[in-house]
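Participant: Contents of query_38.tsv (TSV, C-alpha atoms and all ligand atoms) are below:
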```tsv
chain	number	residue	atom	x	y	z
A	1	MET	CA	0.00	0.00	0.00
A	2	GLU	CA	1.23	3.49	-0.80
A	3	ARG	CA	2.14	5.67	2.16
A	4	LEU	CA	0.85	9.18	2.00
A	5	VAL	CA	1.95	11.94	4.32
A	6	THR	CA	2.66	10.29	7.65
A	7	SER	CA	5.13	11.07	10.36
A	8	SER	CA	7.23	8.15	9.19
A	9	LEU	CA	7.59	8.97	5.49
A	10	LYS	CA	11.23	9.41	4.55
A	11	LEU	CA	11.84	11.80	1.66
A	12	GLY	CA	15.32	11.80	0.13
A	13	ILE	CA	16.55	14.94	-1.64
A	14	ILE	CA	19.62	14.77	-3.84
A	15	ALA	CA	21.76	17.87	-3.24
A	16	GLY	CA	21.36	20.35	-0.44
A	17	GLY	CA	21.29	23.78	-2.04
A	18	GLN	CA	18.71	26.49	-1.42
A	19	LEU	CA	16.01	24.68	-3.39
A	20	GLY	CA	16.47	21.65	-1.15
A	21	LYS	CA	16.37	23.88	1.92
A	22	MET	CA	13.08	25.50	0.90
A	23	LEU	CA	11.64	22.08	0.03
A	24	ILE	CA	12.51	20.82	3.52
A	25	GLN	CA	10.91	23.89	5.10
A	26	GLU	CA	7.62	22.89	3.45
A	27	ALA	CA	8.09	19.17	4.15
A	28	SER	CA	8.50	19.86	7.85
A	29	LYS	CA	4.98	21.34	7.93
A	30	TRP	CA	3.68	17.86	7.14
A	31	ASP	CA	6.11	16.20	9.52
A	32	ILE	CA	7.90	14.41	6.69
A	33	ILE	CA	11.34	13.02	7.59
A	34	THR	CA	13.90	14.51	5.22
A	35	TYR	CA	17.24	13.08	4.10
A	36	VAL	CA	19.75	15.17	2.15
A	37	LEU	CA	22.74	13.97	0.13
A	38	ASP	CA	25.49	16.55	-0.44
A	39	ASN	CA	29.26	16.68	-0.38
A	40	ASP	CA	29.28	19.81	1.74
A	41	GLU	CA	28.25	19.56	5.41
A	42	ASP	CA	27.67	23.31	5.40
A	43	CYS	CA	25.23	23.24	2.47
A	44	PRO	CA	22.00	25.24	2.96
A	45	ALA	CA	19.74	22.19	3.37
A	46	GLY	CA	22.16	20.12	5.46
A	47	LYS	CA	21.49	21.86	8.73
A	48	ILE	CA	17.71	21.62	8.60
A	49	ALA	CA	17.35	18.11	7.16
A	50	SER	CA	16.31	15.38	9.59
A	51	CYS	CA	19.34	13.46	8.36
A	52	PHE	CA	22.34	14.70	6.39
A	53	ILE	CA	24.38	12.19	4.40
A	54	LYS	CA	27.71	13.24	2.98
A	55	GLY	CA	28.21	12.13	-0.61
A	56	ASN	CA	28.55	13.21	-4.20
A	57	HIS	CA	25.42	13.39	-6.36
A	58	LEU	CA	27.43	12.28	-9.38
A	59	ASP	CA	28.87	9.22	-7.68
A	60	PHE	CA	27.04	5.93	-8.35
A	61	ASP	CA	27.52	4.39	-4.90
A	62	SER	CA	26.67	7.55	-2.97
A	63	VAL	CA	23.38	8.02	-4.85
A	64	TYR	CA	22.51	4.31	-4.82
A	65	GLN	CA	23.12	3.85	-1.08
A	66	PHE	CA	21.29	7.07	-0.31
A	67	GLY	CA	18.26	6.01	-2.38
A	68	LYS	CA	17.97	2.76	-0.45
A	69	LYS	CA	17.49	4.63	2.83
A	70	VAL	CA	14.34	6.54	1.84
A	71	ASP	CA	10.74	5.86	0.77
A	72	VAL	CA	10.56	8.53	-1.94
A	73	LEU	CA	13.57	10.00	-3.72
A	74	THR	CA	13.62	13.36	-5.49
A	75	PHE	CA	16.30	15.88	-6.54
A	76	GLU	CA	16.86	19.62	-6.53
A	77	ILE	CA	19.46	19.63	-9.33
A	78	GLU	CA	19.63	17.94	-12.74
A	79	ASN	CA	23.22	16.82	-12.48
A	80	VAL	CA	22.66	13.45	-10.78
A	81	ASN	CA	24.11	9.98	-11.46
A	82	ILE	CA	21.41	8.51	-13.70
A	83	GLU	CA	22.68	4.92	-13.61
A	84	ALA	CA	22.22	4.81	-9.84
A	85	LEU	CA	18.68	6.19	-10.16
A	86	LYS	CA	17.82	3.64	-12.85
A	87	LYS	CA	19.12	0.78	-10.74
A	88	LEU	CA	17.10	1.96	-7.74
A	89	LYS	CA	14.01	2.20	-9.94
A	90	SER	CA	14.55	-1.31	-11.31
A	91	GLU	CA	14.67	-2.55	-7.73
A	92	GLY	CA	11.27	-1.01	-7.00
A	93	HIS	CA	12.31	2.26	-5.34
A	94	ARG	CA	10.12	5.28	-5.95
A	95	ILE	CA	12.00	8.08	-7.71
A	96	VAL	CA	10.12	11.20	-8.77
A	97	PRO	CA	10.40	12.68	-11.32
A	98	ASP	CA	11.26	9.52	-13.24
A	99	PRO	CA	14.99	8.96	-14.03
A	100	GLU	CA	14.20	8.66	-17.77
A	101	ILE	CA	12.79	12.19	-17.76
A	102	LEU	CA	15.82	13.47	-15.89
A	103	GLU	CA	18.07	11.73	-18.43
A	104	LEU	CA	16.33	13.50	-21.29
A	105	ILE	CA	16.48	16.89	-19.59
A	106	GLN	CA	20.12	16.53	-18.48
A	107	ASP	CA	21.06	16.63	-22.15
A	108	LYS	CA	20.16	19.87	-23.93
A	109	GLY	CA	20.56	18.06	-27.27
A	110	LEU	CA	17.93	15.44	-26.38
A	111	GLN	CA	15.71	18.22	-25.01
A	112	LYS	CA	15.80	20.09	-28.32
A	113	GLU	CA	15.05	16.88	-30.25
A	114	PHE	CA	12.10	16.26	-27.97
A	115	TYR	CA	10.63	19.70	-28.80
A	116	LYS	CA	11.18	19.13	-32.52
A	117	THR	CA	9.59	15.66	-32.51
A	118	ASN	CA	6.56	16.94	-30.64
A	119	GLY	CA	6.03	20.15	-32.57
A	120	ILE	CA	6.87	22.44	-29.62
A	121	PRO	CA	8.29	25.73	-30.96
A	122	THR	CA	11.98	26.20	-30.18
A	123	SER	CA	14.88	27.95	-31.95
A	124	PRO	CA	16.33	25.96	-34.91
A	125	PHE	CA	19.43	23.96	-33.94
A	126	THR	CA	22.07	21.45	-34.92
A	127	LEU	CA	24.15	19.16	-32.74
A	128	CYS	CA	27.97	19.25	-32.88
A	129	GLU	CA	30.46	16.89	-31.26
A	130	SER	CA	33.31	19.38	-30.92
A	131	GLU	CA	34.59	22.87	-31.67
A	132	THR	CA	36.16	21.52	-34.87
A	133	ALA	CA	32.76	20.29	-36.03
A	134	ILE	CA	31.31	23.76	-35.38
A	135	VAL	CA	34.02	25.42	-37.47
A	136	GLN	CA	33.43	22.86	-40.26
A	137	GLY	CA	29.70	23.62	-40.05
A	138	ILE	CA	30.45	27.32	-40.51
A	139	GLU	CA	32.76	26.66	-43.50
A	140	LYS	CA	30.14	24.44	-45.15
A	141	GLY	CA	27.50	27.13	-44.64
A	142	ASP	CA	25.36	24.95	-42.32
A	143	ILE	CA	25.95	27.23	-39.29
A	144	HIS	CA	25.54	30.99	-39.56
A	145	PHE	CA	26.55	33.87	-37.32
A	146	PRO	CA	25.22	34.87	-34.86
A	147	PHE	CA	24.60	31.64	-32.99
A	148	VAL	CA	24.48	30.35	-29.43
A	149	GLN	CA	26.58	27.37	-28.39
A	150	LYS	CA	25.35	25.36	-25.41
A	151	LEU	CA	27.14	22.42	-23.86
A	152	ARG	CA	24.78	19.46	-23.96
A	153	LYS	CA	25.47	18.58	-20.34
A	154	GLY	CA	26.38	20.19	-17.04
A	155	GLY	CA	25.64	23.88	-17.69
A	156	TYR	CA	23.64	26.09	-15.31
A	157	ASP	CA	23.13	29.80	-14.60
A	158	GLY	CA	24.60	30.72	-17.97
A	159	ARG	CA	27.73	28.59	-17.47
A	160	GLY	CA	27.91	26.32	-20.46
A	161	VAL	CA	26.39	28.91	-22.84
A	162	ALA	CA	28.45	31.01	-25.31
A	163	VAL	CA	26.96	33.64	-27.62
A	164	ILE	CA	29.00	33.69	-30.81
A	165	ASN	CA	28.23	36.78	-32.85
A	166	ASN	CA	31.13	36.67	-35.33
A	167	ARG	CA	34.44	35.03	-36.20
A	168	ASP	CA	36.24	36.93	-33.44
A	169	ASP	CA	33.94	35.31	-30.88
A	170	LEU	CA	34.98	31.79	-31.95
A	171	LYS	CA	37.66	31.92	-29.24
A	172	LYS	CA	34.81	31.98	-26.68
A	173	MET	CA	33.62	28.51	-27.81
A	174	LEU	CA	33.33	25.87	-25.12
A	175	PRO	CA	34.89	22.41	-25.42
A	176	GLY	CA	32.56	19.40	-25.64
A	177	PRO	CA	29.46	18.10	-27.42
A	178	SER	CA	27.05	20.98	-27.84
A	179	VAL	CA	23.83	22.31	-29.28
A	180	ILE	CA	24.19	25.15	-31.79
A	181	GLU	CA	21.09	27.31	-31.79
A	182	GLU	CA	20.08	30.25	-33.91
A	183	LYS	CA	20.43	33.38	-31.83
A	184	VAL	CA	16.93	34.56	-31.03
A	185	GLU	CA	16.14	38.26	-31.00
A	186	ILE	CA	14.75	38.11	-27.49
A	187	ILE	CA	12.20	40.72	-26.49
A	188	LYS	CA	11.37	39.08	-23.18
A	189	GLU	CA	12.26	36.01	-21.16
A	190	ILE	CA	9.44	34.41	-19.21
A	191	ALA	CA	8.89	31.18	-17.28
A	192	VAL	CA	5.97	28.99	-16.30
A	193	ILE	CA	6.09	26.30	-13.64
A	194	ALA	CA	3.73	23.39	-14.18
A	195	ALA	CA	2.91	20.62	-11.72
A	196	ARG	CA	1.43	17.19	-12.38
A	197	ASN	CA	0.62	14.25	-10.12
A	198	ARG	CA	0.20	10.57	-10.92
A	199	LYS	CA	-3.55	10.95	-11.41
A	200	GLY	CA	-2.73	13.31	-14.26
A	201	GLU	CA	-3.98	16.46	-12.57
A	202	ILE	CA	-2.08	19.51	-13.90
A	203	LYS	CA	-1.77	23.03	-12.49
A	204	CYS	CA	0.33	25.88	-13.89
A	205	TYR	CA	1.60	28.95	-12.06
A	206	PRO	CA	1.07	32.43	-13.48
A	207	VAL	CA	3.73	33.56	-15.97
A	208	VAL	CA	6.83	35.16	-14.46
A	209	GLU	CA	8.78	37.75	-16.42
A	210	MET	CA	12.50	38.35	-16.06
A	211	LEU	CA	13.69	41.93	-16.13
A	212	PHE	CA	17.33	42.39	-17.14
A	213	ASP	CA	19.89	44.82	-15.87
A	214	PRO	CA	20.61	46.83	-19.05
A	215	ASN	CA	24.26	47.31	-18.03
A	216	ALA	CA	25.30	43.85	-16.87
A	217	ASN	CA	22.81	41.81	-18.97
A	218	LEU	CA	21.99	39.84	-15.85
A	219	VAL	CA	18.51	38.99	-14.65
A	220	ASN	CA	17.77	41.73	-12.22
A	221	LYS	CA	14.18	41.20	-11.09
A	222	LEU	CA	11.47	38.63	-11.64
A	223	ILE	CA	7.95	39.98	-11.74
A	224	CYS	CA	4.56	38.36	-11.39
A	225	PRO	CA	2.13	38.99	-12.97
A	226	SER	CA	4.04	39.50	-16.20
A	227	SER	CA	3.27	42.34	-18.58
A	228	ILE	CA	2.98	40.18	-21.72
A	229	ALA	CA	-0.21	39.94	-23.80
A	230	VAL	CA	-2.92	37.57	-22.59
A	231	GLU	CA	-2.61	35.43	-25.76
A	232	GLN	CA	1.14	35.03	-25.22
A	233	SER	CA	0.59	34.14	-21.61
A	234	GLU	CA	-2.04	31.55	-22.57
A	235	LYS	CA	0.30	30.08	-25.17
A	236	ALA	CA	3.13	29.71	-22.67
A	237	THR	CA	0.83	28.16	-20.07
A	238	ASN	CA	-0.59	25.73	-22.64
A	239	PHE	CA	2.89	24.70	-23.81
A	240	ALA	CA	4.00	24.11	-20.21
A	241	GLY	CA	0.93	21.92	-19.62
A	242	GLU	CA	1.47	20.11	-22.93
A	243	ILE	CA	5.13	19.35	-22.18
A	244	ILE	CA	4.50	18.01	-18.68
A	245	GLU	CA	1.72	15.83	-20.11
A	246	LEU	CA	3.88	14.58	-23.01
A	247	LEU	CA	6.55	13.62	-20.49
A	248	ASN	CA	3.91	11.88	-18.39
A	249	MET	CA	5.73	13.49	-15.53
A	250	GLU	CA	5.06	13.58	-11.80
A	251	GLY	CA	6.48	16.61	-10.03
A	252	LEU	CA	7.30	20.17	-11.03
A	253	LEU	CA	8.47	21.26	-14.44
A	254	ALA	CA	9.82	24.77	-14.95
A	255	VAL	CA	9.62	25.90	-18.57
A	256	GLU	CA	11.70	28.88	-19.75
A	257	PHE	CA	10.47	30.71	-22.85
A	258	PHE	CA	11.60	33.55	-25.11
A	259	ILE	CA	9.21	36.05	-26.63
A	260	ASP	CA	10.87	36.86	-29.96
A	261	SER	CA	10.72	39.99	-32.09
A	262	LYS	CA	7.73	38.61	-34.02
A	263	GLY	CA	5.80	38.09	-30.78
A	264	GLY	CA	6.31	34.31	-30.96
A	265	VAL	CA	6.47	32.26	-27.75
A	266	ILE	CA	9.27	29.71	-28.03
A	267	VAL	CA	10.64	27.22	-25.53
A	268	ASN	CA	14.22	27.72	-24.36
A	269	GLU	CA	14.74	24.98	-21.80
A	270	ILE	CA	13.02	22.97	-19.08
A	271	ALA	CA	13.97	21.89	-15.56
A	272	PRO	CA	12.21	19.03	-13.69
A	273	ARG	CA	12.38	20.57	-10.21
A	274	PRO	CA	11.60	23.68	-8.17
A	275	HIS	CA	13.06	26.70	-9.93
A	276	ASN	CA	14.56	30.11	-9.22
A	277	SER	CA	11.66	31.69	-11.11
A	278	GLY	CA	9.24	30.28	-8.52
A	279	HIS	CA	10.75	31.70	-5.33
A	280	HIS	CA	8.05	34.36	-5.09
A	281	THR	CA	5.40	31.62	-4.82
A	282	ILE	CA	6.33	31.12	-1.15
A	283	GLU	CA	4.65	34.38	-0.24
A	284	SER	CA	2.63	35.47	-3.25
A	285	ILE	CA	0.77	32.32	-4.34
A	286	ILE	CA	-1.71	30.25	-2.35
A	287	THR	CA	0.44	27.11	-2.77
A	288	SER	CA	4.22	27.57	-2.97
A	289	GLN	CA	6.17	25.68	-5.64
A	290	PHE	CA	7.81	23.63	-2.87
A	291	GLU	CA	4.53	22.51	-1.35
A	292	GLN	CA	3.28	21.80	-4.88
A	293	HIS	CA	6.32	19.65	-5.60
A	294	LEU	CA	5.55	17.59	-2.49
A	295	ARG	CA	1.90	17.30	-3.43
A	296	ALA	CA	2.84	16.23	-6.97
A	297	ILE	CA	5.45	13.62	-6.03
A	298	LEU	CA	3.32	12.18	-3.21
A	299	ASN	CA	0.27	11.99	-5.50
A	300	LEU	CA	-1.75	14.36	-3.36
A	301	PRO	CA	-4.29	16.82	-4.79
A	302	LEU	CA	-2.50	19.83	-6.30
A	303	GLY	CA	-2.98	23.17	-4.55
A	304	SER	CA	-4.28	26.49	-5.88
A	305	THR	CA	-1.81	28.50	-7.97
A	306	LYS	CA	-3.75	31.73	-7.59
A	307	LEU	CA	-1.70	34.90	-7.11
A	308	LYS	CA	-2.46	36.64	-3.82
A	309	LEU	CA	-0.55	39.87	-4.49
A	310	PRO	CA	1.72	41.24	-7.25
A	311	SER	CA	5.32	40.42	-6.42
A	312	VAL	CA	8.89	41.15	-7.41
A	313	MET	CA	11.72	38.76	-6.61
A	314	ILE	CA	15.38	39.69	-6.55
A	315	ASN	CA	18.29	37.38	-5.93
A	316	ILE	CA	20.77	38.41	-3.27
A	317	LEU	CA	24.07	37.89	-5.05
A	318	GLY	CA	27.64	38.02	-3.76
A	319	ALA	CA	29.12	41.43	-4.65
A	320	ASP	CA	31.93	41.58	-7.16
A	321	GLY	CA	35.35	41.78	-5.52
A	322	TYR	CA	34.60	39.75	-2.39
A	323	ASN	CA	35.49	36.14	-1.86
A	324	GLY	CA	35.38	34.74	1.68
A	325	PRO	CA	33.27	34.53	4.87
A	326	VAL	CA	30.06	36.45	4.24
A	327	ILE	CA	28.95	39.74	5.79
A	328	TYR	CA	25.52	41.17	4.92
A	329	GLU	CA	24.71	44.86	4.86
A	330	GLY	CA	21.32	46.54	4.68
A	331	LEU	CA	19.10	43.71	5.91
A	332	THR	CA	17.57	45.61	8.83
A	333	GLU	CA	16.81	48.69	6.72
A	334	SER	CA	15.23	46.47	4.04
A	335	MET	CA	13.00	44.76	6.59
A	336	SER	CA	11.57	48.11	7.62
A	337	ILE	CA	9.98	48.42	4.17
A	338	ASP	CA	6.44	47.06	4.12
A	339	GLY	CA	6.03	43.83	2.14
A	340	VAL	CA	9.73	42.90	2.02
A	341	LYS	CA	10.44	39.23	2.78
A	342	ILE	CA	14.08	38.19	3.10
A	343	HIS	CA	15.45	34.69	2.59
A	344	LEU	CA	19.07	33.87	3.39
A	345	TYR	CA	20.31	30.48	2.26
A	346	GLY	CA	22.99	30.15	4.92
A	347	LYS	CA	26.02	29.87	2.63
A	348	LYS	CA	29.08	30.68	4.71
A	349	ILE	CA	31.29	31.82	1.85
A	350	THR	CA	30.42	34.55	-0.62
A	351	LYS	CA	31.81	34.72	-4.16
A	352	PRO	CA	31.06	37.23	-6.92
A	353	TYR	CA	27.50	36.62	-8.20
A	354	ARG	CA	26.94	33.56	-5.98
A	355	LYS	CA	23.24	33.19	-5.07
A	356	MET	CA	23.27	33.87	-1.31
A	357	GLY	CA	19.57	34.52	-0.80
A	358	HIS	CA	16.57	36.24	-2.31
A	359	VAL	CA	13.98	38.86	-1.46
A	360	THR	CA	10.34	38.85	-2.43
A	361	VAL	CA	8.54	42.16	-2.33
A	362	LEU	CA	4.75	42.12	-2.20
A	363	SER	CA	2.49	45.07	-2.80
A	364	SER	CA	-1.03	45.80	-3.98
A	365	SER	CA	0.48	47.22	-7.20
A	366	LEU	CA	3.38	45.88	-9.24
A	367	ALA	CA	4.70	49.42	-9.79
A	368	CYS	CA	4.98	49.92	-6.03
A	369	ALA	CA	6.59	46.49	-5.53
A	370	LEU	CA	9.14	47.37	-8.25
A	371	LYS	CA	10.07	50.64	-6.53
A	372	LYS	CA	10.53	48.90	-3.20
A	373	ALA	CA	12.57	46.10	-4.80
A	374	GLU	CA	14.89	48.67	-6.39
A	375	LYS	CA	15.39	50.27	-2.99
A	376	VAL	CA	16.18	46.86	-1.44
A	377	LYS	CA	18.62	46.19	-4.26
A	378	GLN	CA	20.50	49.37	-3.39
A	379	LEU	CA	20.44	48.58	0.35
A	380	ILE	CA	21.53	44.93	0.52
A	381	LYS	CA	25.20	44.25	-0.10
A	382	VAL	CA	26.90	40.88	0.28
A	383	LYS	CA	30.52	41.41	1.22
A	384	SER	CA	33.36	39.78	3.08
A	385	TRP	CA	36.28	41.04	5.07
A	386	LYS	CA	38.38	39.26	2.44
A	387	GLU	CA	38.64	40.97	-0.90
A	388	SER	CA	39.37	38.90	-4.00
A	401	LIG	N1	19.04	30.77	-28.78
A	401	LIG	C1	19.30	31.81	-28.00
A	401	LIG	N2	19.28	33.06	-28.50
A	401	LIG	C2	19.58	34.14	-27.75
A	401	LIG	N3	19.89	34.07	-26.44
A	401	LIG	C3	19.90	32.87	-25.86
A	401	LIG	C4	19.59	31.66	-26.61
A	401	LIG	N4	19.69	30.61	-25.77
A	401	LIG	C5	20.01	31.11	-24.56
A	401	LIG	N5	20.15	32.45	-24.60
A	401	LIG	C6	20.48	33.33	-23.44
A	401	LIG	O1	21.33	32.63	-22.55
A	401	LIG	C7	20.69	32.43	-21.28
A	401	LIG	C8	21.10	31.10	-20.69
A	401	LIG	O2	20.72	30.03	-21.56
A	401	LIG	P1	19.98	28.74	-21.02
A	401	LIG	O3	19.81	27.78	-22.13
A	401	LIG	O4	18.74	29.15	-20.29
A	401	LIG	O5	21.09	28.15	-20.03
A	401	LIG	P2	21.15	27.93	-18.46
A	401	LIG	O6	20.95	26.44	-18.30
A	401	LIG	O7	22.50	28.37	-18.08
A	401	LIG	O8	20.05	28.72	-17.83
A	401	LIG	C9	19.20	32.56	-21.59
A	401	LIG	O9	18.47	32.90	-20.41
A	401	LIG	C10	19.22	33.65	-22.65
A	401	LIG	O10	19.35	34.94	-22.07
A	402	MG	MG	18.07	28.91	-18.36
```
Would you mind giving the structure from this file in structure tokens?

Facilitator:
Amino acid sequence: MERLVTSSLKLGIIAGGQLGKMLIQEASKWDIITYVLDNDEDCPAGKIASCFIKGNHLDFDSVYQFGKKVDVLTFEIENVNIEALKKLKSEGHRIVPDPEILELIQDKGLQKEFYKTNGIPTSPFTLCESETAIVQGIEKGDIHFPFVQKLRKGGYDGRGVAVINNRDDLKKMLPGPSVIEEKVEIIKEIAVIAARNRKGEIKCYPVVEMLFDPNANLVNKLICPSSIAVEQSEKATNFAGEIIELLNMEGLLAVEFFIDSKGGVIVNEIAPRPHNSGHHTIESIITSQFEQHLRAILNLPLGSTKLKLPSVMINILGADGYNGPVIYEGLTESMSIDGVKIHLYGKKITKPYRKMGHVTVLSSSLACALKKAEKVKQLIKVKSWKES
């Protein structure tokens, strides 16, 4: 018989970053026993898990032994040893989302082929084994500038992506098998998180829009609701629902989209887990993405994804120039602003641009939330007594 939420259910989470930490915070509300596997004892989730197990998520034995200790196994990162997950599954262990789905998503090449096969709009692409093959493709006229090179495996937060505008940029190419995509003229980047349980119930969160810092070309703020047209928002939501259904997936699926210069809504990439673009859901949506993930993987009814208040989310990033034990500035002043909710992940060491926490700002109007978020952005600084 399947065990639902009981005080004896053991949930295993592979990797103990901030997503794992926030998942545990929700799991503890239902008295679920949580196990975390991570190499770093000081990882954000390690200290609040019921049980921390030291081990590498890419190592077969670590993942396999960890999986045997728990009733339900999930993950907060994509980069996990698939062979260990498959073996656990073959032995009857419950792993959600399914290892086959993770295997597909781990590889950006397989992901793109999946969109093509299923008629999901995505930028045109070719697959290349090496940098030499890319150069040959250019010489033969199969690959045109500008293009975007993405390593098929292991990339995250922009690492593993190179924008190649011209011949001069070829020196920026990354070594390894990669996807070569046409460079999209991006007007906006948006994301939709979908959830599905075993019964096949699906719920999607409202569209989130990323605002970029015009100077650094970094995502600066995430806003919800987004300002895109209703038809575009419906398209994105429908694609997210369609993809999670096609994958026959249980759990959360975050879908990143581009709105291109023709107004088209095209899929960029997907992630089968809680996502940075869903942090605001903790305060601004009736059911947070973390609670929804638990509901989805435990085959419970999915919760409402209704927005309570407009919100803006900013990541708290390590300031440039500091590398060492962290010191925060401006937290108290930020907390004095109405509607400001601060999350610190508990990372002991700051590095330039490392995600150290986030802030969600809630207000009855998005314009007001944006103003407050800008103020918080100026106030909070993540430094160290050690300069790099
Ligand atoms: N085909 C493309 N055309 C233009 N910009 C792109 C394209 N693909 C990715 N990018 C830019 O690079 C960023 C990172 O790419 P993405 O595939 O999302 O990798 P990551 O896994 O690091 O998030 C995107 O958010 C977008 O700004
Ligand atoms: Mg991305």

Participant: Which residue, A:Asn315, A:Gln378, A:Ser277, A:Asn299, has the smallest gap to ligand MG 402 (chain A) when you use only C-alpha atoms and all ligand atoms?

Facilitator: A:Ser277

Participant: Grab me every residue within 10 Å of ligand MG 402 (chain A), counting all atoms listed in the file, and send it over as a VMD selection string.

Facilitator: chain A and resid 155 to 159 161 189 191 254 to 257 268 to 271 276

Participant: What lies within 9 Å of A:Lys188 using all atoms listed in the file, ignoring chain neighbours under 6 positions off, as JSON, numbers by chain?

Facilitator: {"A": [209, 210, 211, 228, 257, 258, 259, 260, 261]}

Participant: Pick the closest to A:Pro97 from A:Leu294, A:Val376, A:Ala236, A:Ala367: which is it, counting all atoms listed in the file?

Facilitator: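 The answer is A:Leu294, which sits nearest to A:Pro97.
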
Participant: Residues at most 10 Å from stretch 27-36 of chain A, counting all atoms listed in the file, excluding those fewer than 2 positions away in the same chain, as a PDB file with C-alpha atoms, keeping the file's coordinate frame?

Facilitator:
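Printed below is part03.pdb as written:
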```pdb
ATOM      1  CA  LEU A   4       0.850   9.180   2.000  1.00  0.00           C
ATOM      2  CA  VAL A   5       1.950  11.940   4.320  1.00  0.00           C
ATOM      3  CA  THR A   6       2.660  10.290   7.650  1.00  0.00           C
ATOM      4  CA  SER A   7       5.130  11.070  10.360  1.00  0.00           C
ATOM      5  CA  SER A   8       7.230   8.150   9.190  1.00  0.00           C
ATOM      6  CA  LEU A   9       7.590   8.970   5.490  1.00  0.00           C
ATOM      7  CA  LYS A  10      11.230   9.410   4.550  1.00  0.00           C
ATOM      8  CA  LEU A  11      11.840  11.800   1.660  1.00  0.00           C
ATOM      9  CA  GLY A  12      15.320  11.800   0.130  1.00  0.00           C
ATOM     10  CA  ILE A  13      16.550  14.940  -1.640  1.00  0.00           C
ATOM     11  CA  ILE A  14      19.620  14.770  -3.840  1.00  0.00           C
ATOM     12  CA  ALA A  15      21.760  17.870  -3.240  1.00  0.00           C
ATOM     13  CA  GLY A  16      21.360  20.350  -0.440  1.00  0.00           C
ATOM     14  CA  GLY A  17      21.290  23.780  -2.040  1.00  0.00           C
ATOM     15  CA  GLY A  20      16.470  21.650  -1.150  1.00  0.00           C
ATOM     16  CA  LYS A  21      16.370  23.880   1.920  1.00  0.00           C
ATOM     17  CA  MET A  22      13.080  25.500   0.900  1.00  0.00           C
ATOM     18  CA  LEU A  23      11.640  22.080   0.030  1.00  0.00           C
ATOM     19  CA  ILE A  24      12.510  20.820   3.520  1.00  0.00           C
ATOM     20  CA  GLN A  25      10.910  23.890   5.100  1.00  0.00           C
ATOM     21  CA  ASP A  38      25.490  16.550  -0.440  1.00  0.00           C
ATOM     22  CA  ASN A  39      29.260  16.680  -0.380  1.00  0.00           C
ATOM     23  CA  CYS A  43      25.230  23.240   2.470  1.00  0.00           C
ATOM     24  CA  ALA A  45      19.740  22.190   3.370  1.00  0.00           C
ATOM     25  CA  GLY A  46      22.160  20.120   5.460  1.00  0.00           C
ATOM     26  CA  LYS A  47      21.490  21.860   8.730  1.00  0.00           C
ATOM     27  CA  ILE A  48      17.710  21.620   8.600  1.00  0.00           C
ATOM     28  CA  ALA A  49      17.350  18.110   7.160  1.00  0.00           C
ATOM     29  CA  SER A  50      16.310  15.380   9.590  1.00  0.00           C
ATOM     30  CA  CYS A  51      19.340  13.460   8.360  1.00  0.00           C
ATOM     31  CA  PHE A  52      22.340  14.700   6.390  1.00  0.00           C
ATOM     32  CA  ILE A  53      24.380  12.190   4.400  1.00  0.00           C
ATOM     33  CA  LYS A  54      27.710  13.240   2.980  1.00  0.00           C
ATOM     34  CA  GLY A  55      28.210  12.130  -0.610  1.00  0.00           C
ATOM     35  CA  PHE A  66      21.290   7.070  -0.310  1.00  0.00           C
ATOM     36  CA  GLY A  67      18.260   6.010  -2.380  1.00  0.00           C
ATOM     37  CA  LYS A  69      17.490   4.630   2.830  1.00  0.00           C
ATOM     38  CA  VAL A  70      14.340   6.540   1.840  1.00  0.00           C
ATOM     39  CA  ASP A  71      10.740   5.860   0.770  1.00  0.00           C
ATOM     40  CA  VAL A  72      10.560   8.530  -1.940  1.00  0.00           C
ATOM     41  CA  LEU A  73      13.570  10.000  -3.720  1.00  0.00           C
ATOM     42  CA  THR A  74      13.620  13.360  -5.490  1.00  0.00           C
ATOM     43  CA  PHE A  75      16.300  15.880  -6.540  1.00  0.00           C
ATOM     44  CA  PHE A 290       7.810  23.630  -2.870  1.00  0.00           C
ATOM     45  CA  GLU A 291       4.530  22.510  -1.350  1.00  0.00           C
ATOM     46  CA  HIS A 293       6.320  19.650  -5.600  1.00  0.00           C
ATOM     47  CA  LEU A 294       5.550  17.590  -2.490  1.00  0.00           C
ATOM     48  CA  ARG A 295       1.900  17.300  -3.430  1.00  0.00           C
TER      49      ARG A 295
END
```

Participant: Nearest to ligand LIG 401 (chain A): which of A:Gln65, A:Asn79, A:Gln18, A:Ser226 is it, counting all atoms listed in the file?

Facilitator: A:Asn79

Participant: Take the point (18.1, 17.3, -27.2) as written in the file and pick out every residue within 12 Å of it, counting all atoms listed in the file; give the list as an MDAnalysis selection string.

Facilitator: chainID A and resid 101 103:117 122 124:128 150:153 177:181 268:270

Participant: When distances are computed from only C-alpha atoms and all ligand atoms, which of A:Leu379, A:Leu218, A:Val80, A:Ile327 shows the smallest separation from ligand LIG 401 (chain A)?

Facilitator: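 Of A:Leu379, A:Leu218, A:Val80, A:Ile327, the one nearest ligand LIG 401 (chain A) is A:Leu218, counting only C-alpha atoms and all ligand atoms.
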
Participant: Please list as a list of chain:residue names every residue within 12 Å of A:Glu100, counting all atoms listed in the file and excluding residues in the same chain fewer than 4 positions away.

Facilitator: A:Glu78, A:Val80, A:Asn81, A:Ile82, A:Glu83, A:Ala84, A:Leu85, A:Lys86, A:Lys87, A:Lys89, A:Ser90, A:Ile95, A:Val96, A:Leu104, A:Ile105, A:Gln106, A:Asp107, A:Leu110, A:Leu247, A:Asn248, A:Met249, A:Glu250, A:Pro272
